[in-house]
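**Student:** Following this message is one structure expressed as structure tokens.
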Amino acid sequence: MGFIQKRHKNLGIRAAAAAVLGALVVSSAAWAFEPFTIRQIRAEGLQRLELGTVLTYLPLSVGDELNDATSREAIRGLYGSGLFQDVQLERDGEALVIKVIERPQIASFSIKGNEKIGGDELNKSLKDLGLSQGELFKRELLDGVEQELRRQYLANGFHDVDIQTKVDPLPNNRVDIKIQVSEGHISKIKAINILGNKSFGEKELLEQLKLHSTVRWKLLQKNDRYSKQQLGGDLESLSSYYQDRGFLQFNIASVQVALSPDKKDIYITVNIEEGDKYTVKTHRFSGDTILNETFLNRLVSTPDGSQFSRKLATESSDRIEAALSDIGYAFAKVTPLPEVDEAAKQVTLNFYIEPGKRAYIRHINFSGNAGTNDETLRREMRQLEAAPFSKSAVERSRVRLQRLPFIESAEVDTKPVAGSDDLVDIEYKVKERQPGQIQFGVGYSGAQGFLISGSLSNSNFLGTGNTVAITAENSYLTRVLNLSWTDPYFTSDGISQTISTYYRKSKGLIRFASGFDYNVIGADLTYGIPLSEFTALRIGGGVSRTALGTYPEAASDQILNFVIRNGNTFNEYELRTGVSRDTRNRTFFASSGALSRLNLDITLPGSDLLYYNASFEHQQYVPLPFKFFMAIDGTVGYVNVYGRSENVPPYQNYFAGGPNTVRGFRDGTLGPRDTPFDNPFGGKLRTTAQNELVFPLPVVSDNKTTRMGLFYDVGNVFANAQDFRFGLLRQSVGLGFSFFTPILGLLDLSYAVPLNAKPGDEVEHFQITFGGGF
């Protein structure tokens with residue numbers, strides 16, 4: 001710390017010396033004139049500049065009187081232009097003669113050898129300062145750059161750095177500037193010693209620091225590189241560690257940073273004074289409290305008699321500020337003031353409240369929404385214009401924007417309105433993602449002939465936030481056409497509407513050679529009704545007509561039995577219901593919050609087949625230290641008949657295996673099999689759980705478009721609920737990678753290893769799913 005103070009002192013001395021020198025220059029250049037009236041002005045020493053340029057900065061003109069005061073003003077004006085190294089005023093009869101030496105022009109400028117510090121950002125800074133080709137050369141600016149470079153190198157541990165500057169004069173009053181940097185080796189921390197600690201061991205305290213001494217066996221160690229900024233942060237962490245454990249008056253007495261003679265090793269010694277340990281006697285509130293004291297007490301997390309903690313006191317202040325900001329006091333300030341009883345070693349926490357004036361919203365503005373209408377974003381606002389400011393409403397509005405499927409991220413900034421102490425503007429900056437996905441394929445097989453398939457969806461159609469989706473497939477055996485339209489704000493209060501129609505005609509073999517034709521046409525109408533900020537009700541209906549055609553020589557026993565008992569043509573009238581609660585921070589790549597969905601779909605009396613389908617899904621995202629988090633997705637689905645019906649339609653069975661259920665097994669191959677072909681037939685009950693530990697990638701990633709994790713999947717399908725056995729659940733572990741690409745859309749890759757595959761299971765280690773963005 002001592003050498004830093006000395007440097008500041010030296011800078012002060014240099015600044016003072018420069019000021020004195022400047023005054024002497026002005027004084028000597030403007031010697032005492034006998035006052036006279038200027039009849040003519042001449043300039044001597046000009047090379048590139050014209051006389052008119054000089055007169056521009058000269059606060060005198062013909063007819064003015066030149067005296068001591070005006071001569072000093074003239075000198076200051078000409079020096080202040082930055083064009084001249086030297087300026088002198090002389091009198092020749094009634095003419096004012098200005099003798100100047102122009103500053104040279106920079107013909108070229110280069111800096112070499114600065115691999116660790118610099119780059120494009122440094123070059124831009126130097127250009128902004130005026131150190132670039134074509135600018136005028138100022139020696140003091142070059143000296144300042146050299147000193148700043150040296151300071152940055154020293155602060156980053158390069159104590160052996162050598163910086164040489166060279167200025168070569170060129171013809172026509174130009175110069176060539178070169179800065180050569182020899183970085184040398186980086187100095188590494190040999191030892192960190194903490195002295196004065198009594199309550200905690202040195203090892204425990206050193207664990208609170210990010211800087212560490214060199215460990216020989218750690219070949220890629222980087223935390224042993226000395227950094228002045230990091231040392232300052234570590235000292236703050238050390239103070240926080242003590243003050244969060246009752247040591248209110250903890251103090252860092254001194255810090256010594258010593259460099260070995262060869263400049264390779266650094267020794268850091270921290271002298272501390274622990275002080276006494278304090279407990280909280282009580283707390284109180286002062287200032288303009290605004291809120292009821294009973295309510296304020298619930299926001300304080302430092303109970304009487306507990307160990308004093310600066311962290312808990314600060315958190316209590318933050319909660320009080322948040323509560324005040326929710327009722328309009330946007331700039332409230334709460335300061336925890338410890339009132340110390342030295343004799344009893346107790347602290348009374350006085351929360352001093354300064355609410356300021358109540359703030360109101362003038363404007364809410366959006367930026368970054370090039371493909372989205374303003375109204376589409378504005379309807380997500382929970383903070384309204386002209387209403388009192390509410391921090392929680394502003395933040396909830398940001399989360400709602402971020403949850404839109406076509407928004408990758410959203411940031412918010414609160415800006416006071418100039419000239420007003422009670423108005424603020426809210427600025428939301430959004431980053432859009434590709435709103436559409438497209439899949440297209442062309443193929444040929446001996447069984448199906450030429451195959452053309454494609455799907456297209458857009459979650460932000462024409463910037464309105466409406467979703468349109470089209471799926472089409474055409475081959476010798478299959479024709480599929482699905483159309484859907486979703487308006488998330490069918491009514492102004494947030495009721496959504498989804499309309500969909502579908503048609504599918506399949507000849508011959510459908511799912512895994514089950515042996516039947518499947519032809520269906522239908523339409524659905526579904527509404528989503530918000531019950532609260534996080535909870536919504538789903539209700540709707542559907543009408544469909546299905547026809548099955550069987551092949552006795554190819555159909556399974558289960559298919560033939562179903563057709564014999566139920567016929568082959570069915571009209572179905574379905575009621576769709578459900579409730580969901582969603583607190584996720586994003587719909588794509590969520591990292592916190594949860595989603596729970598409970599659905600019940602049932603065919604109504606009057607339908608040819610009577611069955612119901614109940615399902616429950618719960619997703620949970622649990623943040624962990626070091627930017628890790630757990631992603632858990634569990635599902636249970638059950639389908640069965642009621643009334644006169646005896647068999648669940650085979651096309652309503654559940655299937656498992658694949659990227660969305662149990663990775664490592666081929667899609668849809670787990671569970672019951674048909675007879676006599678032993679093909680997957682599905683079942684009435686499915687239960688799965690996908691658990692993933694998501695970790696930060698070694699490359700730069702914000703977890704909003706790219707993520708990777710280790711997963712454990714478990715699940716299976718059972719013919720009936722009573723067939724469920726834990727021992728029959730299939731399990732797998734592996735590595736998953738997800739990436740939202742601008743061309744392919746959402747790309748999911750996984751490599752899984754089944755843990756308990758049974759004979760007959762179809763194992764598939766590597767699996768990929770994707771859709772393209774447009």
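In the structure tokens, chains take letters A, B, ... by order of appearance, with residues numbered from 1 within each chain and ligands from 1 in the order shown.
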So which residues of segment 552-715 of chain A fall under strand (DSSP E) by DSSP, listed as number ranges by chain?

**Tutor:** A: 569-582, 593-603, 611-623, 629-641, 685-695, 706-715

**Student:** What's the 8 Å shell around Asp748 of chain A, counting only C-alpha atoms, without same-chain residues fewer than 3 positions away, as a count of residues only?

**Tutor:** 7

**Student:** Just the residues within 9 Å of segment 624-636 of chain A, please, counting only C-alpha atoms, with nothing from its chain fewer than 5 positions along; format it as a PyMOL selection string.

**Tutor:** chain A and resi 590-592+614-619+661+685-696

**Student:** For segment 417-424 of chain A, find every residue with an atom within 7 Å (counting only C-alpha atoms), except residues of its own chain fewer than 3 positions away, and show them as a PyMOL selection string.

**Tutor:** chain A and resi 357-362+414

**Student:** Just give me the gap between atom CA of Asp493 of chain A and atom CA of Ser397 of chain A in Å, one decimal is fine.

**Tutor:**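 For atom CA of Asp493 of chain A relative to atom CA of Ser397 of chain A, the distance reads 15.3 Å.
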